[in-house]
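Chemist: The file below is my_file02.pdb, PDB, C-alpha atoms, pLDDT in the B column:
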ATOM      1  CA  MET A  49       3.241  -0.026  21.609  1.00 65.00           C
ATOM      2  CA  GLY A  50       5.818   0.571  24.309  1.00 70.00           C
ATOM      3  CA  VAL A  51       7.621   3.270  22.336  1.00 68.00           C
ATOM      4  CA  THR A  52       4.456   5.224  21.609  1.00 69.00           C
ATOM      5  CA  GLY A  53       3.292   4.791  25.200  1.00 75.00           C
ATOM      6  CA  LEU A  54       6.610   6.132  26.492  1.00 75.00           C
ATOM      7  CA  THR A  55       6.458   9.035  24.065  1.00 73.00           C
ATOM      8  CA  GLY A  56       2.916   9.833  25.188  1.00 75.00           C
ATOM      9  CA  GLY A  57       4.026   9.746  28.804  1.00 78.00           C
ATOM     10  CA  LEU A  58       6.876  12.153  28.081  1.00 74.00           C
ATOM     11  CA  ILE A  59       4.511  14.512  26.295  1.00 74.00           C
ATOM     12  CA  GLY A  60       2.151  14.298  29.253  1.00 75.00           C
ATOM     13  CA  SER A  61       4.987  15.192  31.626  1.00 77.00           C
ATOM     14  CA  PHE A  62       5.330  18.574  29.919  1.00 74.00           C
ATOM     15  CA  LEU A  63       1.692  19.303  30.768  1.00 74.00           C
ATOM     16  CA  GLY A  64       2.553  19.209  34.462  1.00 75.00           C
ATOM     17  CA  GLN A  65      -0.090  16.968  36.045  1.00 79.00           C
ATOM     18  CA  PRO A  66       0.354  13.261  36.909  1.00 82.00           C
ATOM     19  CA  GLY A  67      -3.015  12.497  35.334  1.00 85.00           C
ATOM     20  CA  TYR A  68      -1.797  13.868  32.013  1.00 83.00           C
ATOM     21  CA  VAL A  69       1.221  11.577  32.090  1.00 84.00           C
ATOM     22  CA  ILE A  70      -0.966   8.522  32.613  1.00 87.00           C
ATOM     23  CA  GLY A  71      -3.582   9.631  30.080  1.00 86.00           C
ATOM     24  CA  MET A  72      -1.057  10.453  27.371  1.00 84.00           C
ATOM     25  CA  ALA A  73       0.835   7.196  27.998  1.00 85.00           C
ATOM     26  CA  ILE A  74      -2.403   5.252  27.565  1.00 88.00           C
ATOM     27  CA  ALA A  75      -3.257   7.222  24.417  1.00 87.00           C
ATOM     28  CA  GLY A  76       0.221   6.558  23.035  1.00 81.00           C
ATOM     29  CA  ALA A  77      -0.037   2.851  23.810  1.00 84.00           C
ATOM     30  CA  LEU A  78      -3.421   2.684  22.097  1.00 86.00           C
ATOM     31  CA  LEU A  79      -1.953   4.433  19.066  1.00 79.00           C
ATOM     32  CA  GLY A  80       0.818   1.849  19.031  1.00 76.00           C
ATOM     33  CA  LEU A  81      -1.768  -0.911  19.179  1.00 79.00           C
ATOM     34  CA  VAL A  82      -3.588   0.555  16.167  1.00 76.00           C
ATOM     35  CA  ILE A  83      -0.306   0.883  14.262  1.00 69.00           C
ATOM     36  CA  GLY A  84       0.486  -2.762  14.932  1.00 71.00           C
ATOM     37  CA  TYR A  85      -2.978  -3.846  13.854  1.00 73.00           C
ATOM     38  CA  PHE A  86      -3.024  -2.044  10.515  1.00 66.00           C
ATOM     39  CA  GLY A  87       0.531  -2.816   9.486  1.00 62.00           C
ATOM     40  CA  GLU A  88       2.943  -0.914   7.308  1.00 58.00           C
ATOM     41  CA  GLN A  89       0.708   0.017   4.380  1.00 61.00           C
ATOM     42  CA  VAL A  90      -1.045   2.832   6.189  1.00 66.00           C
ATOM     43  CA  PHE A  91       1.492   5.672   6.040  1.00 67.00           C
ATOM     44  CA  PHE A  92      -0.990   8.163   4.648  1.00 69.00           C
ATOM     45  CA  PHE A  93      -3.580   7.056   7.172  1.00 78.00           C
ATOM     46  CA  PHE A  94      -1.281   8.267   9.932  1.00 78.00           C
ATOM     47  CA  VAL A  95      -0.539  11.512   8.126  1.00 76.00           C
ATOM     48  CA  ILE A  96      -4.253  12.254   7.791  1.00 80.00           C
ATOM     49  CA  ILE A  97      -5.087  11.241  11.364  1.00 86.00           C
ATOM     50  CA  GLY A  98      -2.133  13.270  12.672  1.00 87.00           C
ATOM     51  CA  ALA A  99      -3.160  16.316  10.675  1.00 84.00           C
ATOM     52  CA  LEU A 100      -6.756  16.110  11.850  1.00 87.00           C
ATOM     53  CA  LEU A 101      -5.828  15.624  15.496  1.00 90.00           C
ATOM     54  CA  GLY A 102      -3.187  18.368  15.344  1.00 88.00           C
ATOM     55  CA  GLY A 103      -5.615  20.768  13.687  1.00 87.00           C
ATOM     56  CA  LEU A 104      -8.385  20.091  16.186  1.00 90.00           C
ATOM     57  CA  LEU A 105      -6.045  20.401  19.148  1.00 90.00           C
ATOM     58  CA  SER A 106      -4.566  23.663  17.889  1.00 89.00           C
ATOM     59  CA  ILE A 107      -8.037  25.127  17.301  1.00 89.00           C
ATOM     60  CA  TYR A 108      -9.014  24.106  20.824  1.00 90.00           C
ATOM     61  CA  ILE A 109      -5.877  25.591  22.392  1.00 90.00           C
ATOM     62  CA  GLY A 110      -5.101  28.635  20.242  1.00 88.00           C
ATOM     63  CA  GLY A 111      -8.165  29.360  18.163  1.00 87.00           C
ATOM     64  CA  THR A 112      -8.788  29.219  14.437  1.00 85.00           C
ATOM     65  CA  PRO A 113      -5.669  31.198  13.375  1.00 85.00           C
ATOM     66  CA  MET A 114      -3.458  28.437  14.780  1.00 85.00           C
ATOM     67  CA  ALA A 115      -5.149  25.644  12.800  1.00 84.00           C
ATOM     68  CA  ILE A 116      -2.654  25.682   9.921  1.00 82.00           C
ATOM     69  CA  ILE A 117       0.274  25.190  12.284  1.00 84.00           C
ATOM     70  CA  GLY A 118      -1.476  22.312  14.020  1.00 85.00           C
ATOM     71  CA  LEU A 119      -2.402  20.665  10.723  1.00 82.00           C
ATOM     72  CA  GLY A 120       1.156  20.802   9.433  1.00 82.00           C
ATOM     73  CA  THR A 121       2.719  19.667  12.676  1.00 85.00           C
ATOM     74  CA  GLY A 122       0.224  16.861  13.193  1.00 87.00           C
ATOM     75  CA  GLY A 123       0.703  15.609   9.646  1.00 82.00           C
ATOM     76  CA  ALA A 124       4.475  15.652  10.057  1.00 83.00           C
ATOM     77  CA  ILE A 125       4.307  13.700  13.306  1.00 86.00           C
ATOM     78  CA  GLY A 126       1.864  11.221  11.763  1.00 84.00           C
ATOM     79  CA  GLY A 127       4.206  10.712   8.821  1.00 81.00           C
ATOM     80  CA  PHE A 128       7.147  10.328  11.173  1.00 83.00           C
ATOM     81  CA  LEU A 129       5.310   7.598  13.050  1.00 81.00           C
ATOM     82  CA  GLY A 130       4.334   5.879   9.809  1.00 78.00           C
ATOM     83  CA  VAL A 131       7.899   5.853   8.498  1.00 75.00           C
ATOM     84  CA  ASN A 132       9.371   4.623  11.761  1.00 79.00           C
ATOM     85  CA  ILE A 133       6.841   1.855  12.068  1.00 75.00           C
ATOM     86  CA  THR A 134       7.653   0.588   8.562  1.00 73.00           C
ATOM     87  CA  MET A 135      11.383   0.698   9.312  1.00 74.00           C
ATOM     88  CA  PHE A 136      11.093  -1.329  12.498  1.00 76.00           C
ATOM     89  CA  ARG A 137       8.838  -4.046  11.108  1.00 70.00           C
ATOM     90  CA  HIS A 138      10.488  -7.306  10.115  1.00 63.00           C
ATOM     91  CA  LYS A 139      10.334  -8.243   6.472  1.00 64.00           C
ATOM     92  CA  SER A 140       9.030 -11.780   5.987  1.00 60.00           C
TER      93      SER A 140
END
Spit out the file's structure as structure tokens when you get a sec.
Modeler:
Amino acid sequence: MGVTGLTGGLIGSFLGQPGYVIGMAIAGALLGLVIGYFGEQVFFFFVIIGALLGGLLSIYIGGTPMAIIGLGTGGAIGGFLGVNITMFRHKS
């Protein structure tokens, strides 16, 4: 939760407003909370959620022609989060 919150805060810092830093840090922390709740068997869940969020954000920012870039990037980041979460979890 702390890692995703920090990452969200860093992403928010690139947007230039203090409110974005706080908002993105909270969003990142909430994402970390969801990751912890669902566990390690949800890799594809994060890929799908990442692709959907990336696609919607890219359509909002750059219009429909940018949707494919946002879908691919969002899916990659979602997969990256899923893999890292499974690596850092302790095996019981």
Chemist: Quick one: distance from CA of Gly53 in chain A to CA of Ile74 in chain A in Å, one decimal?
Modeler: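 Going from CA of Gly53 in chain A over to CA of Ile74 in chain A covers 6.2 Å.
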Chemist: How would you write, as a ChimeraX atom specification, the residues chosen by the PyMOL selection byres ((chain A and resi 106) around 12) on this structure?
Modeler: /A:98-105,107-122
Chemist: Please compute the CA of Ile125 in chain A-CA of Phe93 in chain A distance, one decimal, in Å.
Modeler: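 Straight-line distance from CA of Ile125 in chain A to CA of Phe93 in chain A works out to 12.0 Å.
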Chemist: Take the PyMOL selection byres ((chain A and resi 77-81) around 12), apply it to the structure above, and return the hits as a ChimeraX atom specification.
Modeler: /A:49-57,70-76,82-87,94,97-98,126,129-130,132-133
Chemist: Could you jot down the CA of Gly123 in chain A to CA of Gly60 in chain A separation for me, Å, one decimal place?
Modeler: 19.7 Å
